[in-house]
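**Student:** Input file: model-v1.txt. Contents: compact mmCIF, C-alpha atoms and all ligand atoms.
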# COMPACT_ATOMS: atom_id res chain seq x y z
CA MET A 1 0.00 0.00 0.00
CA PRO A 2 1.43 3.43 -0.88
CA HIS A 3 2.83 5.29 2.11
CA LYS A 4 0.38 8.18 1.77
CA HIS A 5 -2.61 5.83 1.71
CA ALA A 6 -1.30 4.02 4.78
CA THR A 7 -1.04 7.29 6.72
CA PHE A 8 -4.57 8.38 5.79
CA LEU A 9 -5.93 4.96 6.53
CA LEU A 10 -4.40 4.99 9.99
CA LEU A 11 -5.98 8.36 10.63
CA PHE A 12 -9.39 7.08 9.56
CA ILE A 13 -8.97 3.95 11.68
CA VAL A 14 -8.23 6.08 14.75
CA ILE A 15 -11.30 8.17 13.97
CA GLY A 16 -13.27 4.92 13.55
CA VAL A 17 -12.21 3.64 16.98
CA VAL A 18 -12.96 6.93 18.75
CA ALA A 19 -16.29 7.37 16.95
CA GLY A 20 -17.12 3.73 17.72
CA ILE A 21 -16.50 4.22 21.43
CA LEU A 22 -18.48 7.47 21.55
CA SER A 23 -21.48 6.25 19.60
CA GLY A 24 -21.56 2.89 21.43
CA TRP A 25 -21.35 4.79 24.70
CA PHE A 26 -24.14 7.29 24.05
CA TRP A 27 -26.46 5.48 21.64
CA GLY A 28 -25.75 1.96 22.88
CA GLU A 29 -28.78 0.02 21.75
CA ALA A 30 -29.16 1.80 18.42
CA MET A 31 -25.57 0.87 17.64
CA ALA A 32 -26.26 -2.82 18.13
CA GLU A 33 -28.24 -2.46 14.89
CA ILE A 34 -25.10 -1.76 12.88
CA ALA A 35 -23.06 -4.61 14.39
CA TRP A 36 -23.63 -6.55 11.15
CA ILE A 37 -21.25 -4.18 9.33
CA GLY A 38 -18.51 -5.15 11.74
CA LYS A 39 -19.38 -8.79 11.22
CA LEU A 40 -19.05 -8.31 7.48
CA PHE A 41 -15.52 -6.96 7.94
CA LEU A 42 -14.67 -9.79 10.34
CA ASN A 43 -16.01 -12.40 7.95
CA ALA A 44 -13.97 -10.95 5.10
CA LEU A 45 -10.82 -11.17 7.22
CA LYS A 46 -11.61 -14.70 8.30
CA MET A 47 -12.23 -15.70 4.72
CA LEU A 48 -8.60 -14.94 3.94
CA ILE A 49 -7.03 -16.77 6.86
CA ILE A 50 -6.88 -20.40 5.70
CA PRO A 51 -5.47 -19.87 2.17
CA LEU A 52 -3.20 -17.12 3.46
CA ILE A 53 -1.73 -19.19 6.28
CA ILE A 54 -1.07 -22.24 4.15
CA ALA A 55 0.43 -20.29 1.25
CA ALA A 56 2.47 -18.03 3.54
CA VAL A 57 3.96 -20.84 5.60
CA VAL A 58 4.71 -23.01 2.57
CA SER A 59 6.43 -20.19 0.71
CA GLY A 60 8.13 -18.86 3.85
CA VAL A 61 9.64 -22.19 4.79
CA ALA A 62 10.60 -22.96 1.20
CA ALA A 63 12.36 -19.59 0.92
CA LEU A 64 14.66 -20.53 3.78
CA GLY A 65 16.52 -22.44 1.10
CA ASP A 66 18.08 -25.30 2.96
CA VAL A 67 15.69 -27.37 5.05
CA ARG A 68 18.42 -27.74 7.70
CA ARG A 69 18.00 -24.05 8.42
CA LEU A 70 14.48 -24.74 9.59
CA GLY A 71 15.75 -26.16 12.88
CA ARG A 72 17.71 -23.02 13.74
CA ILE A 73 14.97 -20.64 12.63
CA GLY A 74 12.31 -22.67 14.43
CA GLY A 75 14.51 -22.79 17.53
CA ILE A 76 14.99 -19.01 17.64
CA THR A 77 11.28 -18.44 17.09
CA VAL A 78 10.19 -20.85 19.81
CA ILE A 79 12.75 -19.44 22.29
CA TYR A 80 11.45 -15.93 21.58
CA PHE A 81 7.81 -17.03 22.01
CA LEU A 82 8.50 -18.87 25.26
CA ALA A 83 10.75 -16.20 26.76
CA THR A 84 8.35 -13.33 26.09
CA THR A 85 5.36 -15.35 27.31
CA VAL A 86 7.12 -16.22 30.58
CA ILE A 87 8.14 -12.56 31.03
CA ALA A 88 4.50 -11.55 30.45
CA VAL A 89 3.20 -13.98 33.07
CA ALA A 90 5.88 -12.85 35.53
CA ILE A 91 4.85 -9.22 35.04
CA GLY A 92 1.21 -10.22 35.63
CA LEU A 93 2.11 -12.05 38.84
CA VAL A 94 4.13 -9.12 40.17
CA MET A 95 1.34 -6.65 39.41
CA VAL A 96 -1.39 -8.79 40.97
CA ASN A 97 0.70 -9.32 44.11
CA ILE A 98 1.32 -5.60 44.45
CA ILE A 99 -2.21 -4.34 43.69
CA GLN A 100 -4.13 -7.28 45.28
CA PRO A 101 -7.33 -6.53 43.32
CA GLY A 102 -9.34 -9.47 44.69
CA ASN A 103 -8.89 -8.86 48.41
CA GLY A 104 -12.07 -8.17 50.32
CA LEU A 105 -14.27 -8.56 47.26
CA GLU A 106 -17.84 -9.69 47.71
CA PHE A 107 -19.28 -11.57 44.81
CA GLU A 108 -21.94 -13.84 43.50
CA SER A 109 -21.01 -16.47 40.99
CA THR A 110 -22.96 -16.29 37.74
CA GLY A 111 -22.34 -19.90 36.75
CA LEU A 112 -20.29 -21.40 33.95
CA SER A 113 -20.87 -21.34 30.24
CA GLU A 114 -20.86 -24.62 28.34
CA SER A 115 -17.58 -23.96 26.56
CA ILE A 116 -15.81 -23.43 29.86
CA ALA A 117 -17.37 -26.42 31.57
CA ALA A 118 -16.33 -28.57 28.60
CA LYS A 119 -12.69 -27.74 29.25
CA GLU A 120 -12.77 -29.40 32.66
CA GLY A 121 -10.08 -32.07 32.88
CA THR A 122 -8.02 -30.68 29.97
CA GLY A 123 -4.39 -31.66 30.38
CA PHE A 124 -0.99 -31.34 28.78
CA SER A 125 -1.60 -34.36 26.56
CA ASP A 126 -4.64 -32.60 25.04
CA LEU A 127 -2.40 -29.72 24.11
CA LEU A 128 -0.02 -32.06 22.28
CA LEU A 129 -2.87 -33.95 20.66
CA SER A 130 -4.25 -30.70 19.27
CA LEU A 131 -1.06 -30.30 17.22
CA VAL A 132 -1.76 -33.20 14.89
CA THR A 133 -5.16 -33.39 13.28
CA PRO A 134 -6.65 -36.57 11.87
CA ASN A 135 -8.60 -34.44 9.38
CA LEU A 136 -7.09 -31.37 7.73
CA VAL A 137 -10.36 -30.31 6.16
CA ALA A 138 -12.25 -30.45 9.46
CA SER A 139 -9.50 -28.40 11.11
CA ALA A 140 -9.69 -25.80 8.37
CA ALA A 141 -13.46 -25.69 8.69
CA ASN A 142 -13.18 -25.08 12.44
CA THR A 143 -10.30 -22.58 12.07
CA GLN A 144 -7.99 -24.79 14.13
CA LEU A 145 -4.87 -23.23 12.73
CA LEU A 146 -2.04 -24.88 14.61
CA PRO A 147 -2.29 -28.34 12.99
CA LEU A 148 -2.63 -26.66 9.58
CA ILE A 149 0.54 -24.64 10.18
CA LEU A 150 2.46 -27.71 11.31
CA PHE A 151 1.28 -29.55 8.22
CA ALA A 152 2.33 -26.64 5.99
CA ILE A 153 5.80 -26.58 7.59
CA VAL A 154 6.52 -30.26 7.01
CA PHE A 155 4.86 -30.21 3.59
CA SER A 156 7.08 -27.33 2.54
CA ALA A 157 10.16 -28.98 4.01
CA ALA A 158 9.34 -32.04 1.90
CA LEU A 159 8.91 -29.87 -1.23
CA THR A 160 12.38 -28.38 -0.81
CA THR A 161 13.92 -31.85 -1.04
CA LEU A 162 12.27 -32.65 -4.41
CA GLY A 163 14.32 -30.50 -6.77
CA ARG A 164 12.55 -29.16 -9.87
CA VAL A 165 9.25 -30.91 -9.19
CA GLY A 166 9.06 -29.20 -5.82
CA GLU A 167 9.95 -25.80 -7.31
CA HIS A 168 6.79 -25.72 -9.42
CA VAL A 169 4.60 -26.38 -6.42
CA ILE A 170 6.43 -23.74 -4.39
CA ALA A 171 5.95 -21.21 -7.21
CA PHE A 172 2.23 -22.01 -7.14
CA PHE A 173 2.01 -21.27 -3.41
CA ASN A 174 4.09 -18.09 -3.87
CA GLY A 175 1.50 -16.91 -6.36
CA ILE A 176 -1.39 -17.69 -4.00
CA ASN A 177 0.42 -15.85 -1.23
CA GLU A 178 0.87 -12.72 -3.30
CA ALA A 179 -2.76 -12.78 -4.45
CA MET A 180 -3.90 -13.07 -0.83
CA MET A 181 -1.73 -10.13 0.20
CA LYS A 182 -3.27 -8.08 -2.59
CA LEU A 183 -6.73 -8.91 -1.24
CA VAL A 184 -5.57 -7.83 2.21
CA THR A 185 -4.46 -4.45 0.87
CA TRP A 186 -7.88 -3.96 -0.70
CA LEU A 187 -9.69 -5.06 2.43
CA MET A 188 -7.68 -2.62 4.53
CA TYR A 189 -9.58 0.27 2.99
CA PHE A 190 -12.71 -1.09 4.62
CA ALA A 191 -11.03 -1.26 8.06
CA PRO A 192 -12.12 2.15 9.47
CA VAL A 193 -15.82 1.42 8.92
CA GLY A 194 -15.46 -2.21 10.01
CA ILE A 195 -13.64 -1.34 13.23
CA PHE A 196 -16.10 1.48 13.96
CA ALA A 197 -19.03 -0.92 13.69
CA LEU A 198 -17.31 -3.64 15.73
CA VAL A 199 -16.50 -1.31 18.63
CA ALA A 200 -19.83 0.56 18.59
CA GLY A 201 -21.81 -2.68 18.18
CA ARG A 202 -20.06 -4.39 21.10
CA LEU A 203 -20.52 -1.45 23.43
CA GLY A 204 -24.13 -1.35 22.27
CA LYS A 205 -24.54 -5.02 23.16
CA ALA A 206 -23.23 -4.24 26.64
CA GLY A 207 -26.09 -1.73 26.94
CA GLY A 208 -24.16 1.51 26.30
CA GLY A 209 -21.84 3.56 28.50
CA ASP A 210 -23.83 3.65 31.74
CA ALA A 211 -24.46 -0.08 31.82
CA PHE A 212 -20.81 -0.67 31.01
CA VAL A 213 -19.62 1.52 33.89
CA GLN A 214 -21.87 -0.41 36.25
CA GLU A 215 -20.44 -3.67 35.00
CA ILE A 216 -16.86 -2.69 35.55
CA GLU A 217 -17.31 -0.90 38.88
CA SER A 218 -17.14 -4.00 41.05
CA VAL A 219 -13.96 -5.28 39.39
CA GLY A 220 -12.31 -1.92 38.73
CA LEU A 221 -9.04 -2.79 40.47
CA TYR A 222 -8.81 -6.03 38.53
CA ILE A 223 -9.13 -4.08 35.29
CA VAL A 224 -6.44 -1.65 36.46
CA THR A 225 -4.13 -4.58 37.25
CA VAL A 226 -4.60 -6.25 33.86
CA LEU A 227 -4.26 -3.01 31.90
CA SER A 228 -1.18 -1.78 33.75
CA GLY A 229 0.45 -5.21 33.36
CA LEU A 230 -0.30 -5.19 29.63
CA GLY A 231 1.05 -1.65 29.35
CA LEU A 232 4.27 -2.67 31.06
CA HIS A 233 4.69 -5.69 28.84
CA PHE A 234 4.08 -3.57 25.78
CA LEU A 235 7.07 -1.47 26.86
CA VAL A 236 9.18 -4.57 27.47
CA LEU A 237 8.45 -5.64 23.89
CA MET A 238 9.42 -2.15 22.74
CA LEU A 239 12.74 -2.61 24.55
CA ILE A 240 13.29 -5.98 22.86
CA LEU A 241 12.50 -4.34 19.53
CA PHE A 242 15.05 -1.65 20.21
CA LEU A 243 17.82 -3.79 21.73
CA ILE A 244 17.61 -6.97 19.64
CA SER A 245 16.12 -5.80 16.35
CA GLY A 246 17.63 -2.33 16.36
CA ARG A 247 14.32 -0.71 15.37
CA GLY A 248 12.55 2.28 16.86
CA PRO A 249 9.05 3.67 17.34
CA GLY A 250 8.63 3.97 13.56
CA TYR A 251 7.92 0.24 13.49
CA LEU A 252 5.19 0.66 16.09
CA LEU A 253 3.68 3.42 14.01
CA GLY A 254 3.74 1.17 10.94
CA LEU A 255 1.98 -1.59 12.86
CA LEU A 256 -0.76 0.58 14.33
CA ARG A 257 -3.28 -0.36 11.64
CA ALA A 258 -2.93 -3.99 12.70
CA LEU A 259 -3.01 -3.17 16.41
CA PHE A 260 -6.24 -1.20 16.08
CA THR A 261 -7.72 -4.03 14.05
CA ALA A 262 -6.76 -6.41 16.86
CA PHE A 263 -8.56 -4.06 19.25
CA GLY A 264 -11.64 -3.99 17.03
CA THR A 265 -11.84 -7.71 16.26
CA ALA A 266 -10.43 -9.20 19.51
CA SER A 267 -8.90 -11.90 17.35
CA SER A 268 -5.22 -12.39 16.51
CA SER A 269 -6.13 -14.82 13.75
CA ALA A 270 -8.53 -12.42 12.07
CA THR A 271 -5.90 -9.68 12.36
CA LEU A 272 -3.15 -11.86 10.89
CA PRO A 273 -3.57 -10.71 7.28
CA LEU A 274 -3.10 -7.08 8.34
CA THR A 275 -0.21 -7.88 10.66
CA MET A 276 1.61 -9.57 7.76
CA GLU A 277 0.95 -6.72 5.38
CA CYS A 278 2.07 -4.05 7.88
CA ALA A 279 5.22 -5.98 8.83
CA ARG A 280 6.28 -6.44 5.25
CA GLU A 281 5.51 -2.85 4.37
CA ASN A 282 7.89 -1.94 7.17
CA GLY A 283 10.80 -3.81 5.70
CA VAL A 284 10.71 -7.09 7.64
CA ASP A 285 12.22 -9.98 5.67
CA LEU A 286 9.45 -11.93 3.95
CA ARG A 287 10.64 -15.27 5.31
CA ALA A 288 10.35 -13.91 8.85
CA VAL A 289 6.90 -12.47 8.08
CA ARG A 290 5.62 -15.72 6.60
CA PHE A 291 7.08 -18.01 9.23
CA VAL A 292 6.77 -16.11 12.52
CA LEU A 293 3.45 -14.30 12.11
CA PRO A 294 1.11 -17.22 11.27
CA LEU A 295 2.73 -19.34 13.98
CA GLY A 296 2.73 -16.41 16.41
CA SER A 297 -0.94 -15.63 15.84
CA THR A 298 -1.88 -19.06 17.15
CA ILE A 299 0.74 -19.84 19.82
CA ASN A 300 2.43 -16.62 20.90
CA MET A 301 -0.04 -14.88 23.16
CA ASN A 302 1.81 -12.67 25.60
CA GLY A 303 -1.24 -10.63 26.54
CA THR A 304 -3.38 -13.72 27.10
CA ALA A 305 -0.72 -15.33 29.31
CA LEU A 306 -0.42 -12.22 31.46
CA TYR A 307 -4.17 -11.89 31.74
CA GLU A 308 -4.64 -15.55 32.73
CA ALA A 309 -2.11 -15.26 35.54
CA VAL A 310 -3.73 -12.08 36.86
CA ALA A 311 -7.21 -13.54 36.56
CA VAL A 312 -6.36 -16.75 38.41
CA MET A 313 -4.62 -14.89 41.23
CA PHE A 314 -7.57 -12.51 41.39
CA ILE A 315 -9.98 -15.43 41.79
CA ALA A 316 -7.77 -16.90 44.53
CA GLN A 317 -7.73 -13.56 46.35
CA ALA A 318 -11.50 -13.17 46.00
CA TYR A 319 -11.97 -16.61 47.61
CA GLY A 320 -9.62 -15.52 50.40
CA LEU A 321 -6.95 -18.07 49.43
CA ASP A 322 -3.27 -17.26 49.63
CA LEU A 323 -1.27 -18.98 46.90
CA SER A 324 2.26 -19.94 47.99
CA ILE A 325 5.34 -19.20 45.86
CA GLY A 326 5.30 -22.84 44.73
CA GLN A 327 1.69 -22.52 43.59
CA GLN A 328 2.47 -19.26 41.82
CA ILE A 329 5.24 -21.04 39.93
CA ILE A 330 2.63 -23.60 38.87
CA VAL A 331 0.50 -20.65 37.68
CA LEU A 332 3.51 -19.35 35.74
CA VAL A 333 4.06 -22.65 33.94
CA THR A 334 0.42 -23.51 33.29
CA ALA A 335 -0.54 -19.97 32.22
CA THR A 336 2.26 -20.16 29.65
CA PHE A 337 0.85 -23.40 28.24
CA ALA A 338 -2.75 -22.26 28.52
CA ALA A 339 -1.88 -19.20 26.42
CA ILE A 340 -0.12 -21.37 23.85
CA GLY A 341 -3.23 -23.56 23.71
CA ALA A 342 -5.62 -20.62 23.34
CA ALA A 343 -6.88 -20.04 19.81
CA GLY A 344 -6.57 -16.57 18.30
CA ILE A 345 -10.30 -15.92 18.59
CA PRO A 346 -12.36 -13.71 20.91
CA GLU A 347 -12.34 -14.71 24.57
CA ALA A 348 -10.40 -17.94 23.98
CA GLY A 349 -8.20 -17.11 26.98
CA LEU A 350 -11.17 -17.24 29.28
CA VAL A 351 -11.75 -20.84 28.28
CA THR A 352 -8.18 -22.16 28.53
CA MET A 353 -7.91 -20.53 31.96
CA VAL A 354 -9.57 -23.67 33.24
CA ILE A 355 -6.21 -25.44 32.89
CA VAL A 356 -4.57 -22.96 35.25
CA LEU A 357 -7.41 -22.97 37.78
CA GLU A 358 -7.41 -26.75 37.93
CA ALA A 359 -3.64 -26.92 38.32
CA VAL A 360 -3.82 -24.93 41.55
CA GLY A 361 -7.11 -26.43 42.70
CA LEU A 362 -9.30 -23.33 42.43
CA PRO A 363 -13.05 -23.57 41.77
CA LEU A 364 -13.93 -23.08 38.12
CA GLU A 365 -16.97 -21.05 39.18
CA GLY A 366 -14.51 -18.25 39.96
CA ILE A 367 -14.52 -17.49 36.25
CA GLY A 368 -18.05 -16.16 36.75
CA LEU A 369 -16.42 -13.15 38.40
CA LEU A 370 -14.70 -12.12 35.20
CA LEU A 371 -17.30 -12.92 32.57
CA ALA A 372 -18.91 -9.49 32.35
CA VAL A 373 -15.73 -7.59 31.61
CA ASP A 374 -13.85 -10.16 29.60
CA TRP A 375 -14.90 -8.88 26.17
CA PHE A 376 -13.42 -5.50 27.11
CA LEU A 377 -10.06 -6.78 28.40
CA ASP A 378 -9.87 -9.18 25.47
CA ARG A 379 -9.35 -6.27 23.08
CA PHE A 380 -6.33 -4.99 24.94
CA ARG A 381 -4.69 -8.38 25.39
CA THR A 382 -5.25 -9.24 21.73
CA SER A 383 -3.43 -6.03 20.71
CA VAL A 384 -0.51 -7.04 22.94
CA ASN A 385 -0.59 -10.55 21.43
CA VAL A 386 -0.31 -9.08 17.94
CA TRP A 387 2.41 -6.66 18.99
CA GLY A 388 4.38 -9.59 20.46
CA ASP A 389 4.16 -11.43 17.12
CA ALA A 390 5.18 -8.35 15.15
CA VAL A 391 8.24 -7.81 17.34
CA GLY A 392 9.05 -11.52 17.00
CA ALA A 393 9.20 -11.17 13.21
CA THR A 394 11.82 -8.42 13.55
CA VAL A 395 13.82 -10.56 15.99
CA LEU A 396 13.96 -13.42 13.48
CA HIS A 397 14.83 -10.94 10.73
CA ARG A 398 17.83 -9.93 12.83
CA PHE A 399 19.01 -13.56 13.05
CA LEU A 400 18.65 -14.35 9.33
CA PRO A 401 22.17 -13.90 7.98
CA ASP A 402 20.98 -12.69 4.56
CA ALA A 403 17.84 -10.88 5.70
CA GLU A 404 16.47 -8.26 3.40
CA GLY A 405 13.16 -6.41 3.66
CA LEU A 406 11.13 -4.70 0.97
CA GLN A 407 11.69 -1.01 0.44
CA PRO A 408 8.62 1.22 0.80
CA GLY A 409 6.42 0.85 -2.28
CA GLU A 410 8.39 -2.14 -3.61
CA SER A 411 6.50 -5.32 -4.42
CA VAL A 412 7.58 -8.92 -4.49
CA GLU A 413 9.18 -10.29 -7.60
CA LEU A 414 7.92 -13.76 -8.27
CA ARG A 415 10.48 -16.20 -9.48
CA PRO A 416 9.82 -19.93 -9.68
N1 LIG A 501 -8.68 -12.96 21.76
C1 LIG A 501 -7.31 -13.35 21.97
C2 LIG A 501 -6.58 -13.41 20.63
O1 LIG A 501 -7.19 -13.64 19.63
C3 LIG A 501 -7.16 -14.64 22.70
C4 LIG A 501 -7.67 -14.48 24.10
O2 LIG A 501 -6.89 -14.09 24.96
O3 LIG A 501 -8.83 -14.69 24.36
O4 LIG A 501 -5.40 -13.21 20.59
Here is the file; what I need is its structure written in the form of structure tokens.

**Tutor:**
Amino acid sequence: MPHKHATFLLLFIVIGVVAGILSGWFWGEAMAEIAWIGKLFLNALKMLIIPLIIAAVVSGVAALGDVRRLGRIGGITVIYFLATTVIAVAIGLVMVNIIQPGNGLEFESTGLSESIAAKEGTGFSDLLLSLVTPNLVASAANTQLLPLILFAIVFSAALTTLGRVGEHVIAFFNGINEAMMKLVTWLMYFAPVGIFALVAGRLGKAGGGDAFVQEIESVGLYIVTVLSGLGLHFLVLMLILFLISGRGPGYLLGLLRALFTAFGTASSSATLPLTMECARENGVDLRAVRFVLPLGSTINMNGTALYEAVAVMFIAQAYGLDLSIGQQIIVLVTATFAAIGAAGIPEAGLVTMVIVLEAVGLPLEGIGLLLAVDWFLDRFRTSVNVWGDAVGATVLHRFLPDAEGLQPGESVELRP
């Protein structure tokens, strides 16, 4: 997308978010009527995800050249994902211990939703089992992205060992990838209206500004804890960007379109097409974009991990239970895995939190405390999730010996 268009678009997106908040706040119920426009935007984004992920991962892995490089690249990526997730959880634990948002809280449980109750008894083996699907088509239909990505990685690795036969197939996927990115650029022009409708519609569903304030009043300190933790982690990622990738705030500016979309959609997966487009527009090596971002959008969830740790500690405090250091370490480990297991869809973190609660023996009904405000916090943690992925792509770029990003306005040259 031309630089000038990108700047204007960002401006309109910001206006869309602000107008969405204001109109949802003051004309709540009327705004629920236009929620369908947001859904249209969301559907269009989701429509792109499956072909985009498969084509991007296949062409990204193939472009690494030698399949032996995959181990090193994969290793760096996974270390980055794990390290930043653990840092995020640690920040959450520190904040919740300092602020103690759950102490002295009086509450009534509102009961569990079916999706949460169904997660009871989920263990580590379920997480591993979810990596390999017996049915690729069913996974695609249910937007279970992780098994699709793993399949695309090994499929592409196999293609690179086939010589000329493989090259044709890789060229085919390169073409699909470029066509998908073109669609993303077109769709971006619809983002301001889409995000406006999503934000206004959701606030409208909550009953407008006054109803929303009432909802958050009882858990105000909890919201402060989550938001300040997320803010701190955002800065930590900024520091990583600066120290490891050698990039500055300009990259953040370039990614804002994706971050606002994450805020509007509350879904890292739905935002993925925009994250990829923004990262490549900002000169990140295409191999890093195609490898790190799809994988990151499903397993690297810094914001979700932080939020799960805070939420579980908050529930413990509300029940008057003091978790020992040992139990908090269990929270650290399980929140990391629960975030990895969470899908990049709205409020997925709320569901995988069951794993953490069970690990430290807390009642699942505690989740009832958080239900009313989860949709709101979800938007902030999703933006941090996407920011974590975007920074990860620059970190991998830094470790690719022959990394080279696109110049502004340059497009990809397709060579078989
Ligand atoms: N909505 C989040 C995402 O898509 C996941 C979650 O924390 O619920 O990244």

**Student:** Calculated over only C-alpha atoms and all ligand atoms, which of the candidates A:Ala390, A:Ile195, A:Val356, A:Leu306 has the smallest distance to ligand LIG 501 (chain A)?

**Tutor:**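 With only C-alpha atoms and all ligand atoms as the atom set, the closest residue is A:Leu306.
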
**Student:** Show which residues sit within 9 Å of region 17-30 of chain A, as a list in words. Count only C-alpha atoms, and ignore same-chain residues fewer than 6 positions away.

**Tutor:**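 Once the adjacent positions are removed, what remains is Pro192, Ile195, Phe196, Ala197, Leu198, Val199, Ala200, Gly201, Arg202, Leu203, Gly204, Lys205, Ala206, Gly207, Gly208, Gly209, Asp210, Phe212, Phe260, Phe263 and Gly264 of chain A.
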
**Student:** Give the residues close to ligand LIG 501 (chain A), within 9 Å, counting all atoms listed in the file; write them as an NGL selection string.

**Tutor:** :A and (262 or 265-271 or 297-298 or 300-305 or 307-308 or 339 or 342-352 or 374-375 or 377-386)

**Student:** Which residues are near region 152-157 of chain A? Cut-off 8 Å, only C-alpha atoms, ignore same chain within fewer than 2 positions. Put them as a PyMOL selection string.

**Tutor:** chain A and resi 54+57-59+61-62+67+148-150+159-161+170

**Student:** Rounded to one decimal place, report the CA of Ile330 (chain A)-CA of Gly75 (chain A) distance in Å.

**Tutor:**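 Interatomic distance here is 24.4 Å.
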
**Student:** Pick out the residues sitting within 7 Å of Cys278 (chain A), and hand them over as an MDAnalysis selection string; count only C-alpha atoms, and ignore anything fewer than 6 positions along from it in its own chain.

**Tutor:** chainID A and resid 254:255 258

**Student:** Looking at A:Val193, A:Leu274, A:Ala288, A:Ile223, which one is nearest to Gly38 (chain A), with distances taken over all atoms listed in the file?

**Tutor:**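 Closest to Gly38 (chain A) of all the choices is A:Val193.
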